[in-house]
Amino acid sequence: MEKEKKMKKPKVKLGKLEKREARAGWLFVLPWVIGVAVFMLYPLCQSFYYMWFNIRITPLGTKFIPVGTGNFTQIWLENPEFPQQIVTYLWQTIVEVPVIVVFALMIAIMLNGNIKCRGLFRLIFFLPVIIVSGPVMNMLVSEGAATIPAMNVQSIKTALDNFLPHSMSENIGEIFSNMIMILWYSGVQILIFLSALQKIDPALYEAAKIDGGSQWECFWKITLPTIKPMILLNAVYSVIFLSGNEQNSLITMIKSAMFSGTKEKGYGYASAMAWMYSLIVTLIVLLFFLLLGSKKDVYDRQVKRRKREMKKEARTVKRIERRGIRNAKKIEKARKKRNYRTYDGSGDY
Amino acid sequence: MTAAEIIKKSFTKEKLHRFVFGTKEKEGAGKQIIVYGLLICIGFVYLYPILYMFSTSLMNRDDLLDSSVKWIPSTLFLQNYIDAGKSMDFWVSILKGIVIAGVPTLCNVAVCMLVGYGFARFEFKGKKILMGLLIFSYILPSQVTMIPTYVLYNNMKIVGTLWSFILPAILGNGLNSAIFILIFYQFFRQVPKVLIEAAQIDGAGYFKSFVKIAVPSAGPAILTVFLFSFVWYWNESYLTSLYVQGLSANSFWVNLVVQLSNFDTSFNTMAQTGDAATNLNECVRMAATSLSVLPLLVMYFFLQKHFVESIDRAGITGE
């Protein structure tokens, strides 16, 4: 299908109107293009450049002292805090994001049912999005308002310690102790899921019901495949949100390194740190893309496989045919050469 | 007589079963109870920190130490709020906060609308690359570009002024601008192209047809973007303290959230000079937190319908 479309579209020079439209399009987008160049691409290159230097701000101006990979060896080998924080961050993100997404999906499905006061519940679940900010969170966490009082975190931790390595159970325990915060981060995700759920055609469910499908089956066979792109979207959103969140101690570390007056630290050191950090964030995003990315659905895959098989079959048939022709020719040749006669089963041999 | 009773009994039993577990058409009461129970429990968990914050902020020191007082303070003690408000310079901070969040938000709305329209309406070379760049700019953590950007602003001498927020917003690179551009892109793709072409046939240029036709039809999307942008700018303390406040203590620009992050030190200095009636304790800190949250809460309760429904209408979830 796609191939046909591509073949049908010959390369023609753009007409006058199209040219003018294209120019207008560029004009509309232009402010953003300039913005990206100035505020994203340029700083990106710049910080890549900074990474290899030790930058000191002196009264005479900024001094760039090339240190090669010095910044990296310092970060990984001499500063025990950074690697430790990175590991904690990795663990937390990888565990928290699925928790957030699954929780948001659960709430969205419950709200999507026949529920009275849906508006009120939506109001409550969306409330945190409005008031979440770094300092407010810090205050609430430090006063212990973020833990559910009925939950005994300590006993969960000791129970986990029995069958998990200590560093892992420590992180998971941390998640339980900040359970409310994690729930708080799922406000936007709930709404995204909810509006995706409402867009599913009810006829699909009816058809499934007529065929005798239970609700459980409907969930796995209809709901989940339909909202799969939303799951990816929400996972990526959660990763980005958690990475830019001020609860994240890595961010504060980068900022304090940037303005620290010590000799080794400074802009270069902080740039190296920031690059490392964003590399890890990108890796996590990629991981989720790989896990949840849009694989073609089962039907498509089967069709493709069948086509492949058919092609293979056709090829073998052709090969056999060709071989047959070749052999026949060979036999013919040989017969002509030696005047060889095959026994045709008649007369004396 | 007995037969009738038996029939009646079995009938009610069946009914009960149907009532609790439901049929294929109708959900049973048992499931409903579970769903409502879960929703109410989770709703309480959601509200717990906020309730805790408000109730603690109204306690005085005796209530705080008294273990018999858990949720409802014995007296309505408003001194915490007065002290916290004085320490945070509440009215000045709130006005400045509105300016800090409001002006970049207006720029953000205008420019993102323009760019989103450009992406949705026109076909041009390199559009796919630009869209890729847009998504990349969202995924890229801002920490990488933060340092050179700070240096850039410093060279332009706009650190410590509002321009350090306005300038990127004008150029479509404000806080979370990529999301807003995508929202407008989605929205304008749903506006029928015929409408705009009709205007052009009537003699409107590209810009005029954008202003006269596209903008008036984009009401819900504009509202969504405005609200979210405002809230996000308001809650952004990290970049505000870095760029707008310029990390100096006696800067002109400061908002409530930044005040809150420096609350402990500022309150202590105030307590030393003897202006505060109480010492720094949980109650005062919670009072400060609720003060910094209050303006947005008020806004949310007035505009909550727009907030919640806007996500549907603006089509974030469109393909």
# chains A, B, ... in the order shown; residues from 1 in each chain; ligands from 1
>>> residues_around(residues="Leu39 (chain B)", least_positions_apart="2", cutoff="10 Å", atoms="only C-alpha atoms", output="number ranges by chain")
A: 107, 110-111, 121, 125; B: 33-37, 41-45
>>> residues_around(residues="Arg121 (chain B)", least_positions_apart="3", cutoff="9 Å", atoms="only C-alpha atoms", output="PyMOL selection string")
(chain A and resi 25) or (chain B and resi 116-118+185+188-189+193)
>>> closest_residue(among="B:Leu227, B:Val99, B:Val293, B:Val151", to="chain A", atoms="only C-alpha atoms")
B:Val293
>>> closest_atom_pairs(of="region 153-207 of chain B", to="region 231-238 of chain B", cutoff="10 Å", atoms="only C-alpha atoms", output="JSON lines")
{"residue": "B:Phe165", "atom": "CA", "partner": "B:Tyr233", "partner_atom": "CA", "distance": 9.4}
{"residue": "B:Gly174", "atom": "CA", "partner": "B:Tyr233", "partner_atom": "CA", "distance": 9.3}
{"residue": "B:Leu175", "atom": "CA", "partner": "B:Tyr233", "partner_atom": "CA", "distance": 7.0}
{"residue": "B:Asn176", "atom": "CA", "partner": "B:Trp232", "partner_atom": "CA", "distance": 8.4}
>>> atom_distance(atom1="CA of Asn112 (chain A)", atom2="CA of Pro225 (chain A)")
16.9 Å
>>> select_by_dssp(residues="region 24-152 of chain A", states="strand (DSSP E or B)", output="MDAnalysis selection string")
chainID A and resid 53:58 61:66
>>> closest_residue(among="B:Ala288, B:Val225, B:Met113, B:Ile201", to="Ser261 (chain B)", atoms="only C-alpha atoms")
B:Ala288
>>> residues_around(residues="Gly173 (chain A)", least_positions_apart="4", cutoff="7 Å", atoms="only C-alpha atoms", output="list in words")
Val153, Ile156, Lys157, Ser169 and Ser177 of chain A
>>> residues_around(residues="Leu256 (chain B)", least_positions_apart="4", cutoff="8 Å", atoms="only C-alpha atoms", output="MDAnalysis selection string")
chainID B and resid 88 90 93:94 97 260 292
>>> residues_around(residues="Glu21 (chain A)", least_positions_apart="5", cutoff="10 Å", atoms="only C-alpha atoms", output="list of chain:residue names")
A:Gly15, A:Lys16, A:Trp26, A:Leu27, B:Arg121, B:Phe122, B:Glu123, B:Phe124, B:Tyr206
>>> write_last_selection(atoms="C-alpha atoms", output="short mmCIF file (atom, residue, chain, number, x, y, z; two decimals), in the first residue's frame")
data_model
loop_
_atom_site.label_atom_id
_atom_site.label_comp_id
_atom_site.auth_asym_id
_atom_site.auth_seq_id
_atom_site.Cartn_x
_atom_site.Cartn_y
_atom_site.Cartn_z
CA GLY A 15 4.27 25.09 -8.11
CA LYS A 16 4.10 28.76 -7.32
CA TRP A 26 8.70 28.60 7.47
CA LEU A 27 7.76 32.12 8.48
CA ARG B 121 -1.41 24.16 8.32
CA PHE B 122 1.56 24.23 5.98
CA GLU B 123 3.61 21.64 4.20
CA PHE B 124 7.23 22.52 3.75
CA TYR B 206 -1.83 33.89 5.58
#
>>> residues_around(residues="Ile55 (chain A)", least_positions_apart="4", cutoff="10 Å", atoms="only C-alpha atoms", output="JSON, numbers by chain")
{"A": [50, 51, 62, 63, 64, 65, 66, 67, 263, 264, 265, 266, 267, 268, 269]}
